[in-house]
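Below is one structure; the comments refer to it alone.
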Amino acid sequence: MEEYRSFSDKIRKIPYGGDYNPEQWTEDVWQEDMRLFRLAGIDCVTLNVFSWAALQPSEDCYSFDRLDRIMELVRENGLKVILATSTAAHPAWMARKYPEVLRVNFSGMRRKFGNRHNSSTNSPTFEKYAASLGG
């Protein structure tokens, strides 16, 4: 039986990096980003934090092609990935069709779509789509 090894046993140094949002740029910028990451000594990136709209452009359509390409590129460049859920910003179609996913402020006024972290995480609709996004 293989001996149990904790996560900390596998890490030889403190990872150095941060959020990387390549969906904000055209793909030709990504190679230069990789070069600059190497120069800066970055070895870890958090991906997919705000990508929900790109991953699910409509209610019944999922597209992971861009995420697959960036995952492959960072792997090719020796970077580790912290993969986020992308639920920090729900898609516009969701707010239009299901406005109850939008947060409500203390006075009971529903917030408008357009900000990050603007989802009501206790919304059954948000919960349903967040779970289906994860597979």
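Here, A, B, ... name the chains of the structure tokens in the order displayed, residue numbers run from 1 inside each chain, and ligands are numbered from 1 in the same displayed order.
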
Checklist entry - as an MDAnalysis selection string, which residues of stretch 4-91 of chain A does DSSP assign to alpha helix (DSSP H)? => result chainID A and resid 7:10 27:40 52:55 65:76

Checklist entry - If we count only C-alpha atoms, what is near stretch 69-84 of chain A at a cut-off of 6 Å, once residues fewer than 5 positions away on the same chain are taken out, given as a list in words? => result Asp43, Cys44, Val45, Thr46, Leu47, Asn48 and Val49 of chain A

What's the 9 Å shell around A:Ile42, counting only C-alpha atoms, without same-chain residues fewer than 5 positions away, as an mmCIF file with C-alpha atoms, in the first residue's frame?
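This is the output file part02.cif:
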```
data_model
loop_
_atom_site.group_PDB
_atom_site.id
_atom_site.type_symbol
_atom_site.label_atom_id
_atom_site.label_comp_id
_atom_site.auth_asym_id
_atom_site.auth_seq_id
_atom_site.Cartn_x
_atom_site.Cartn_y
_atom_site.Cartn_z
ATOM 1 C CA PRO A 15 3.890 29.087 -4.770
ATOM 2 C CA TYR A 16 4.299 32.544 -6.264
ATOM 3 C CA GLY A 17 1.618 34.019 -8.487
ATOM 4 C CA GLY A 18 -1.925 35.305 -8.473
ATOM 5 C CA LEU A 36 6.699 37.856 -18.434
ATOM 6 C CA PHE A 37 5.597 35.311 -15.840
ATOM 7 C CA LEU A 79 2.961 26.788 -14.302
#
```

Checklist entry - Which neighbours of A:His117 fall inside 12 Å, counting only C-alpha atoms, when residues of the same chain fewer than 3 positions from it are skipped, and could you give them as a ChimeraX atom specification? => result /A:49-50,52,86-91,101-103,111-114,120-121

Checklist entry - Where does DSSP see strand (DSSP E or B) in chain A, if you list the residues as a list of chain:residue names? => result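 Answer for chain A, restricted to strand (DSSP E or B): A:Gly17, A:Gly18, A:Asp19, A:Cys44, A:Val45, A:Thr46, A:Leu47, A:Ser58, A:Cys61, A:Lys80, A:Val81, A:Ile82, A:Leu83, A:Leu102, A:Val104, A:Arg110, A:Ser119.
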